[in-house]
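Beneath this line is the structure, given in structure tokens, with notes to follow.
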Amino acid sequence: MELRHLRYFVAVAEERNFTRAAQRLHIAQPPLSRQIQQLEETLAVQLFERNSRPLKLTETGKFFYSHAVQLLAQTAELESMTRRVGNIERSLSVGFVGSTLYGLLPKIIRRFRDENPTVELSLHEMSTTDQIRALKDGRIDVGFGRIRLEDANIRRVVLREEKMIIAFPLDHPLSLSKPVLALRDLVNETLIIYPKTPRPSYADQVLAAFQDRGLKPRRIYEVRELQIALGLVAAGEGISIVPSSVYGLKRDDVSYKELDDPTLVSPIIMSTRMLDESGDIVEMLALIYRLYDEAKIPYVPPVERGS
Ligand code: BEZ
């Protein structure tokens, strides 16, 4: 059995469909089916239920899947950490969700480049969910996202809890009515949420904020991304709940209003591979806290390792 077999098996198990798995792996479907068959023959077990649609794992398949995923994550970790130990070419790939570009991300990247001119830094926009897979595949080394996703191979650090604010079309009567508003003031509005996919996403944090208070907006309008949500707000299609760093995105056709509830926040979370303690990552985290101190931005105090 080779690593290739594990990669193929995990893709089929996750996509629950040979065609989609083949697309994800950028190979044709017949060789993929042959490799899975070969794997089942080598192990002398059945990993998938015969003729199930969508494909279902057998109990043995479920056992094999949980171990295969861990092995692949460890392999990716070993690869990228060995490259770093060799230190021939220092590089750091950073995944981020779009909204962090309106926070400190640009400053962090500029400062990191200034202070570490020999590190080749690359940036990749992707959802928090995609960041987890990219970390495990070794395609990125650090992810900045907003969703708390549990994974035994991933270390999460909640950096700060960013307040949510309301984006209104200019001169919307509600935005002129009171200095601060409650979510319950917004239930008769069309709520524009993003990103529509993949889920869970920031959209679900906003929906949960309403649900937790027993509230239901009159209409939900799901869009692909923050910029589209703001454009539609400007066009008068509805209102949106956005992280407060969006204030920085000055638009003269949108006005922002604070919410009265300090628990309405969205976290900024840094994710890395669990065992990756390379100097570049430690340095980036220290730089982030330094920038928070310089800009007097409140943050979640770091937790000591092992506590
Ligand atoms: C921040 O705005 O706090 C932030 C954004 C991206 C990465 C890290 C922190």
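In the structure tokens, the first chain shown is A, the next is B, and so on; residue numbers restart at 1 for each chain, and ligands run from 1 in the order shown.
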
message: Set the distance at 8 Å and use only C-alpha atoms: which residues neighbour segment 285-302 of chain A once local chain neighbours fewer than 2 positions away are removed? I'd like the list as a PyMOL selection string.
response: chain A and resi 108+112+157-161+281-283+304

Go ahead and write the selection's residues with all heavy atoms as a short mmCIF file (atom, residue, chain, number, x, y, z; two decimals), in the first residue's frame.
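Wrote selection_23.cif, looks like this:
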data_model
loop_
_atom_site.label_atom_id
_atom_site.label_comp_id
_atom_site.auth_asym_id
_atom_site.auth_seq_id
_atom_site.Cartn_x
_atom_site.Cartn_y
_atom_site.Cartn_z
N ILE A 108 0.25 43.35 8.72
CA ILE A 108 1.01 42.19 9.20
C ILE A 108 1.94 41.69 8.09
O ILE A 108 3.13 41.42 8.31
CB ILE A 108 0.05 41.05 9.64
CG1 ILE A 108 -0.73 41.47 10.89
CG2 ILE A 108 0.79 39.74 9.88
CD1 ILE A 108 -1.91 40.60 11.21
N PHE A 112 5.92 41.81 8.23
CA PHE A 112 6.62 40.53 8.24
C PHE A 112 7.66 40.48 7.11
O PHE A 112 8.78 40.03 7.31
CB PHE A 112 5.62 39.37 8.10
CG PHE A 112 6.24 38.01 8.29
CD1 PHE A 112 6.34 37.45 9.56
CD2 PHE A 112 6.77 37.31 7.22
CE1 PHE A 112 6.93 36.20 9.75
CE2 PHE A 112 7.38 36.07 7.40
CZ PHE A 112 7.45 35.52 8.67
N VAL A 157 -5.62 29.51 17.30
CA VAL A 157 -5.42 30.57 18.29
C VAL A 157 -6.44 31.66 17.97
O VAL A 157 -6.42 32.22 16.86
CB VAL A 157 -3.99 31.16 18.20
CG1 VAL A 157 -3.81 32.30 19.19
CG2 VAL A 157 -2.95 30.09 18.43
N VAL A 158 -7.34 31.93 18.91
CA VAL A 158 -8.28 33.03 18.70
C VAL A 158 -7.52 34.31 19.01
O VAL A 158 -7.08 34.53 20.14
CB VAL A 158 -9.54 32.90 19.59
CG1 VAL A 158 -10.46 34.10 19.40
CG2 VAL A 158 -10.27 31.62 19.28
N LEU A 159 -7.33 35.16 18.00
CA LEU A 159 -6.52 36.36 18.17
C LEU A 159 -7.33 37.48 18.81
O LEU A 159 -6.90 38.12 19.77
CB LEU A 159 -5.99 36.82 16.81
CG LEU A 159 -5.04 35.84 16.11
CD1 LEU A 159 -4.77 36.28 14.69
CD2 LEU A 159 -3.74 35.72 16.90
N ARG A 160 -8.50 37.74 18.23
CA ARG A 160 -9.36 38.77 18.82
C ARG A 160 -10.79 38.53 18.39
O ARG A 160 -11.06 37.80 17.44
CB ARG A 160 -8.91 40.18 18.46
CG ARG A 160 -9.02 40.55 17.00
CD ARG A 160 -8.51 41.97 16.80
NE ARG A 160 -8.49 42.34 15.40
CZ ARG A 160 -9.26 43.26 14.85
NH1 ARG A 160 -10.15 43.88 15.59
NH2 ARG A 160 -9.18 43.55 13.56
N GLU A 161 -11.70 39.14 19.14
CA GLU A 161 -13.12 39.03 18.84
C GLU A 161 -13.53 40.39 18.29
O GLU A 161 -13.52 41.38 19.02
CB GLU A 161 -13.92 38.74 20.12
CG GLU A 161 -13.47 37.50 20.87
CD GLU A 161 -14.20 36.24 20.43
OE1 GLU A 161 -14.88 36.29 19.38
OE2 GLU A 161 -14.09 35.23 21.13
N ILE A 281 6.48 30.87 12.06
CA ILE A 281 5.11 30.94 12.61
C ILE A 281 5.12 31.63 13.98
O ILE A 281 4.30 32.48 14.27
CB ILE A 281 4.50 29.52 12.68
CG1 ILE A 281 4.19 29.07 11.25
CG2 ILE A 281 3.25 29.49 13.55
CD1 ILE A 281 3.66 27.68 11.13
N VAL A 282 6.10 31.26 14.80
CA VAL A 282 6.22 31.88 16.12
C VAL A 282 6.42 33.39 15.94
O VAL A 282 5.80 34.21 16.62
CB VAL A 282 7.42 31.26 16.89
CG1 VAL A 282 7.67 31.97 18.20
CG2 VAL A 282 7.17 29.77 17.12
N GLU A 283 7.24 33.75 14.96
CA GLU A 283 7.53 35.17 14.70
C GLU A 283 6.30 35.92 14.23
O GLU A 283 6.04 37.05 14.65
CB GLU A 283 8.60 35.25 13.61
CG GLU A 283 9.75 36.15 14.00
CD GLU A 283 10.92 35.90 13.07
OE1 GLU A 283 11.70 34.98 13.36
OE2 GLU A 283 11.01 36.61 12.08
N GLU A 304 -0.74 29.90 27.36
CA GLU A 304 0.56 29.21 27.37
C GLU A 304 0.42 27.81 26.81
O GLU A 304 -0.57 27.12 27.11
CB GLU A 304 1.12 29.11 28.79
CG GLU A 304 1.62 30.43 29.37
CD GLU A 304 2.72 31.07 28.54
OE1 GLU A 304 3.60 30.31 28.08
OE2 GLU A 304 2.69 32.30 28.35
#

- prompt: Using only C-alpha atoms and all ligand atoms, what are the residues with an atom within 6 Å of ligand 1, set out as a PyMOL selection string?
  reply: chain A and resi 100+103-105+144

Now that the selection is made, can you save its residues with N, CA and C atoms as a PDB file, in the first residue's frame?
ATOM      1  N   THR A 100     -10.473  39.661   6.375  1.00  0.00           N
ATOM      2  CA  THR A 100      -9.295  40.027   7.181  1.00  0.00           C
ATOM      3  C   THR A 100      -8.425  41.062   6.461  1.00  0.00           C
ATOM      4  N   GLY A 103      -8.912  44.281   8.046  1.00  0.00           N
ATOM      5  CA  GLY A 103      -8.343  44.409   9.381  1.00  0.00           C
ATOM      6  C   GLY A 103      -6.843  44.639   9.255  1.00  0.00           C
ATOM      7  N   LEU A 104      -6.093  43.902  10.075  1.00  0.00           N
ATOM      8  CA  LEU A 104      -4.651  44.151  10.147  1.00  0.00           C
ATOM      9  C   LEU A 104      -3.832  43.358   9.128  1.00  0.00           C
ATOM     10  N   LEU A 105      -4.472  42.487   8.351  1.00  0.00           N
ATOM     11  CA  LEU A 105      -3.681  41.586   7.501  1.00  0.00           C
ATOM     12  C   LEU A 105      -2.660  42.322   6.613  1.00  0.00           C
ATOM     13  N   PHE A 144      -5.778  32.381   8.346  1.00  0.00           N
ATOM     14  CA  PHE A 144      -6.510  33.356   9.154  1.00  0.00           C
ATOM     15  C   PHE A 144      -7.980  33.282   8.738  1.00  0.00           C
TER      16      PHE A 144
END

query: Any idea what's packed within 8 Å of segment 183-197 of chain A, counting only C-alpha atoms, ignoring anything in its chain fewer than 5 positions away? Could you give it as a VMD selection string?
result: chain A and resid 202 to 203 206 210 215 to 226 229 233 237 to 241 259

Deliver the residues from the most recent selection as a file, using N, CA and C atoms, as an mmCIF file, in the first residue's frame.
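Final output, again_24.cif:
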data_model
loop_
_atom_site.group_PDB
_atom_site.id
_atom_site.type_symbol
_atom_site.label_atom_id
_atom_site.label_comp_id
_atom_site.auth_asym_id
_atom_site.auth_seq_id
_atom_site.Cartn_x
_atom_site.Cartn_y
_atom_site.Cartn_z
ATOM 1 N N TYR A 202 -19.095 32.715 7.918
ATOM 2 C CA TYR A 202 -19.467 33.915 8.663
ATOM 3 C C TYR A 202 -20.985 34.134 8.584
ATOM 4 N N ALA A 203 -21.596 33.739 7.454
ATOM 5 C CA ALA A 203 -23.054 33.877 7.293
ATOM 6 C C ALA A 203 -23.782 33.186 8.442
ATOM 7 N N VAL A 206 -23.789 35.154 11.682
ATOM 8 C CA VAL A 206 -24.787 36.234 11.677
ATOM 9 C C VAL A 206 -26.182 35.640 11.911
ATOM 10 N N PHE A 210 -29.102 36.099 15.303
ATOM 11 C CA PHE A 210 -30.554 36.349 15.308
ATOM 12 C C PHE A 210 -31.283 35.211 16.024
ATOM 13 N N LEU A 215 -34.995 35.698 17.085
ATOM 14 C CA LEU A 215 -35.400 36.652 16.043
ATOM 15 C C LEU A 215 -35.261 36.024 14.662
ATOM 16 N N LYS A 216 -36.076 36.519 13.711
ATOM 17 C CA LYS A 216 -36.006 36.003 12.340
ATOM 18 C C LYS A 216 -36.139 37.197 11.396
ATOM 19 N N PRO A 217 -35.098 37.495 10.629
ATOM 20 C CA PRO A 217 -35.218 38.611 9.684
ATOM 21 C C PRO A 217 -36.316 38.326 8.652
ATOM 22 N N ARG A 218 -36.938 39.374 8.157
ATOM 23 C CA ARG A 218 -38.067 39.218 7.216
ATOM 24 C C ARG A 218 -37.648 38.429 5.979
ATOM 25 N N ARG A 219 -36.457 38.748 5.455
ATOM 26 C CA ARG A 219 -35.988 38.049 4.257
ATOM 27 C C ARG A 219 -34.462 37.918 4.325
ATOM 28 N N ILE A 220 -33.955 36.765 3.869
ATOM 29 C CA ILE A 220 -32.504 36.543 3.842
ATOM 30 C C ILE A 220 -32.065 36.537 2.383
ATOM 31 N N TYR A 221 -31.010 37.222 2.106
ATOM 32 C CA TYR A 221 -30.477 37.280 0.740
ATOM 33 C C TYR A 221 -29.014 36.834 0.848
ATOM 34 N N GLU A 222 -28.709 35.645 0.293
ATOM 35 C CA GLU A 222 -27.341 35.108 0.424
ATOM 36 C C GLU A 222 -26.510 35.489 -0.786
ATOM 37 N N VAL A 223 -25.325 36.012 -0.557
ATOM 38 C CA VAL A 223 -24.457 36.373 -1.686
ATOM 39 C C VAL A 223 -23.065 35.770 -1.485
ATOM 40 N N ARG A 224 -22.264 35.876 -2.558
ATOM 41 C CA ARG A 224 -20.976 35.183 -2.573
ATOM 42 C C ARG A 224 -19.949 35.790 -1.621
ATOM 43 N N GLU A 225 -19.889 37.120 -1.571
ATOM 44 C CA GLU A 225 -18.809 37.708 -0.765
ATOM 45 C C GLU A 225 -19.140 39.108 -0.250
ATOM 46 N N LEU A 226 -18.307 39.558 0.669
ATOM 47 C CA LEU A 226 -18.498 40.837 1.352
ATOM 48 C C LEU A 226 -18.694 42.015 0.396
ATOM 49 N N ALA A 229 -22.118 41.994 -0.976
ATOM 50 C CA ALA A 229 -23.084 42.382 0.060
ATOM 51 C C ALA A 229 -23.106 43.906 0.200
ATOM 52 N N VAL A 233 -26.095 46.538 -0.510
ATOM 53 C CA VAL A 233 -26.550 47.468 0.538
ATOM 54 C C VAL A 233 -26.612 48.876 -0.063
ATOM 55 N N GLU A 237 -30.818 47.268 -1.508
ATOM 56 C CA GLU A 237 -31.464 45.945 -1.526
ATOM 57 C C GLU A 237 -31.663 45.367 -0.122
ATOM 58 N N GLY A 238 -30.987 45.923 0.858
ATOM 59 C CA GLY A 238 -31.110 45.391 2.212
ATOM 60 C C GLY A 238 -30.005 45.942 3.088
ATOM 61 N N ILE A 239 -29.862 45.306 4.257
ATOM 62 C CA ILE A 239 -28.793 45.697 5.180
ATOM 63 C C ILE A 239 -27.871 44.497 5.370
ATOM 64 N N SER A 240 -26.696 44.723 5.929
ATOM 65 C CA SER A 240 -25.799 43.602 6.181
ATOM 66 C C SER A 240 -25.116 43.785 7.532
ATOM 67 N N ILE A 241 -24.744 42.664 8.147
ATOM 68 C CA ILE A 241 -23.991 42.716 9.413
ATOM 69 C C ILE A 241 -22.556 42.352 9.053
ATOM 70 N N LEU A 259 -23.901 48.134 17.046
ATOM 71 C CA LEU A 259 -24.932 47.329 17.706
ATOM 72 C C LEU A 259 -24.779 47.495 19.220
#

Spatial neighbours of Glu77 of chain A, 9 Å, only C-alpha atoms, chain gap at least 4 places, as an MDAnalysis selection string: chainID A and resid 72:73 81:82 135:138 273:276

field: Members of segment 100-296 of chain A assigned strand (DSSP E or B) by DSSP, as a VMD selection string
entry: chain A and resid 120 to 125 142 to 145 154 to 169 181 190 to 193 219 to 222 239 to 243 254 to 259 265 to 273

May I have the residues within 9 Å of Val10 of chain A as a PDB file with all heavy atoms, in the first residue's frame, using only C-alpha atoms and disregarding those fewer than 3 positions away in the same chain?
ATOM      1  N   HIS A   5      -2.476   5.549  -2.583  1.00  0.00           N
ATOM      2  CA  HIS A   5      -3.731   4.846  -2.324  1.00  0.00           C
ATOM      3  C   HIS A   5      -4.534   5.562  -1.236  1.00  0.00           C
ATOM      4  O   HIS A   5      -5.748   5.680  -1.318  1.00  0.00           O
ATOM      5  CB  HIS A   5      -3.451   3.398  -1.881  1.00  0.00           C
ATOM      6  CG  HIS A   5      -2.945   2.541  -2.998  1.00  0.00           C
ATOM      7  ND1 HIS A   5      -1.668   2.062  -3.041  1.00  0.00           N
ATOM      8  CD2 HIS A   5      -3.556   2.104  -4.126  1.00  0.00           C
ATOM      9  CE1 HIS A   5      -1.500   1.351  -4.139  1.00  0.00           C
ATOM     10  NE2 HIS A   5      -2.629   1.372  -4.821  1.00  0.00           N
ATOM     11  N   LEU A   6      -3.833   6.042  -0.212  1.00  0.00           N
ATOM     12  CA  LEU A   6      -4.523   6.728   0.891  1.00  0.00           C
ATOM     13  C   LEU A   6      -5.165   8.013   0.388  1.00  0.00           C
ATOM     14  O   LEU A   6      -6.305   8.337   0.712  1.00  0.00           O
ATOM     15  CB  LEU A   6      -3.538   7.068   2.019  1.00  0.00           C
ATOM     16  CG  LEU A   6      -2.864   5.902   2.727  1.00  0.00           C
ATOM     17  CD1 LEU A   6      -2.071   6.394   3.921  1.00  0.00           C
ATOM     18  CD2 LEU A   6      -3.901   4.891   3.192  1.00  0.00           C
ATOM     19  N   ARG A   7      -4.402   8.759  -0.429  1.00  0.00           N
ATOM     20  CA  ARG A   7      -4.904  10.021  -0.977  1.00  0.00           C
ATOM     21  C   ARG A   7      -6.172   9.781  -1.791  1.00  0.00           C
ATOM     22  O   ARG A   7      -7.158  10.483  -1.661  1.00  0.00           O
ATOM     23  CB  ARG A   7      -3.829  10.635  -1.873  1.00  0.00           C
ATOM     24  CG  ARG A   7      -3.370  11.943  -1.319  1.00  0.00           C
ATOM     25  CD  ARG A   7      -2.226  12.574  -2.034  1.00  0.00           C
ATOM     26  NE  ARG A   7      -1.222  12.906  -1.058  1.00  0.00           N
ATOM     27  CZ  ARG A   7       0.026  12.512  -1.084  1.00  0.00           C
ATOM     28  NH1 ARG A   7       0.468  11.781  -2.069  1.00  0.00           N
ATOM     29  NH2 ARG A   7       0.844  12.873  -0.127  1.00  0.00           N
ATOM     30  N   ALA A  13     -13.800   8.870  -0.258  1.00  0.00           N
ATOM     31  CA  ALA A  13     -14.608   8.806   0.964  1.00  0.00           C
ATOM     32  C   ALA A  13     -15.242  10.172   1.257  1.00  0.00           C
ATOM     33  O   ALA A  13     -16.385  10.248   1.693  1.00  0.00           O
ATOM     34  CB  ALA A  13     -13.736   8.361   2.137  1.00  0.00           C
ATOM     35  N   GLU A  14     -14.502  11.252   1.010  1.00  0.00           N
ATOM     36  CA  GLU A  14     -15.031  12.588   1.327  1.00  0.00           C
ATOM     37  C   GLU A  14     -16.030  13.071   0.281  1.00  0.00           C
ATOM     38  O   GLU A  14     -17.020  13.716   0.613  1.00  0.00           O
ATOM     39  CB  GLU A  14     -13.881  13.590   1.501  1.00  0.00           C
ATOM     40  CG  GLU A  14     -13.124  13.325   2.801  1.00  0.00           C
ATOM     41  CD  GLU A  14     -11.941  14.246   3.043  1.00  0.00           C
ATOM     42  OE1 GLU A  14     -11.581  15.015   2.137  1.00  0.00           O
ATOM     43  OE2 GLU A  14     -11.381  14.154   4.154  1.00  0.00           O
ATOM     44  N   GLU A  15     -15.759  12.772  -0.974  1.00  0.00           N
ATOM     45  CA  GLU A  15     -16.682  13.231  -2.039  1.00  0.00           C
ATOM     46  C   GLU A  15     -17.879  12.293  -2.172  1.00  0.00           C
ATOM     47  O   GLU A  15     -18.903  12.676  -2.721  1.00  0.00           O
ATOM     48  CB  GLU A  15     -15.951  13.321  -3.385  1.00  0.00           C
ATOM     49  CG  GLU A  15     -14.785  14.305  -3.418  1.00  0.00           C
ATOM     50  CD  GLU A  15     -15.214  15.747  -3.216  1.00  0.00           C
ATOM     51  OE1 GLU A  15     -16.395  16.059  -3.417  1.00  0.00           O
ATOM     52  OE2 GLU A  15     -14.357  16.562  -2.814  1.00  0.00           O
ATOM     53  N   ALA A  21     -14.488  12.811  -6.981  1.00  0.00           N
ATOM     54  CA  ALA A  21     -13.155  12.540  -6.402  1.00  0.00           C
ATOM     55  C   ALA A  21     -12.090  12.618  -7.492  1.00  0.00           C
ATOM     56  O   ALA A  21     -11.008  13.179  -7.279  1.00  0.00           O
ATOM     57  CB  ALA A  21     -13.152  11.175  -5.731  1.00  0.00           C
ATOM     58  N   TYR A  65     -10.571   5.178   7.164  1.00  0.00           N
ATOM     59  CA  TYR A  65     -10.617   6.610   6.826  1.00  0.00           C
ATOM     60  C   TYR A  65     -10.010   7.448   7.951  1.00  0.00           C
ATOM     61  O   TYR A  65      -9.158   8.300   7.710  1.00  0.00           O
ATOM     62  CB  TYR A  65     -12.064   7.046   6.552  1.00  0.00           C
ATOM     63  CG  TYR A  65     -12.210   8.540   6.380  1.00  0.00           C
ATOM     64  CD1 TYR A  65     -11.829   9.158   5.191  1.00  0.00           C
ATOM     65  CD2 TYR A  65     -12.690   9.343   7.417  1.00  0.00           C
ATOM     66  CE1 TYR A  65     -11.931  10.534   5.032  1.00  0.00           C
ATOM     67  CE2 TYR A  65     -12.790  10.717   7.259  1.00  0.00           C
ATOM     68  CZ  TYR A  65     -12.416  11.298   6.069  1.00  0.00           C
ATOM     69  OH  TYR A  65     -12.499  12.653   5.918  1.00  0.00           O
ATOM     70  N   ALA A  68      -6.322   7.007   7.879  1.00  0.00           N
ATOM     71  CA  ALA A  68      -5.705   7.500   6.633  1.00  0.00           C
ATOM     72  C   ALA A  68      -5.579   9.021   6.667  1.00  0.00           C
ATOM     73  O   ALA A  68      -4.545   9.587   6.280  1.00  0.00           O
ATOM     74  CB  ALA A  68      -6.544   7.056   5.433  1.00  0.00           C
ATOM     75  N   VAL A  69      -6.632   9.698   7.160  1.00  0.00           N
ATOM     76  CA  VAL A  69      -6.612  11.159   7.224  1.00  0.00           C
ATOM     77  C   VAL A  69      -5.455  11.633   8.111  1.00  0.00           C
ATOM     78  O   VAL A  69      -4.717  12.555   7.777  1.00  0.00           O
ATOM     79  CB  VAL A  69      -7.977  11.688   7.762  1.00  0.00           C
ATOM     80  CG1 VAL A  69      -7.897  13.139   8.158  1.00  0.00           C
ATOM     81  CG2 VAL A  69      -9.053  11.490   6.716  1.00  0.00           C
TER      82      VAL A  69
END
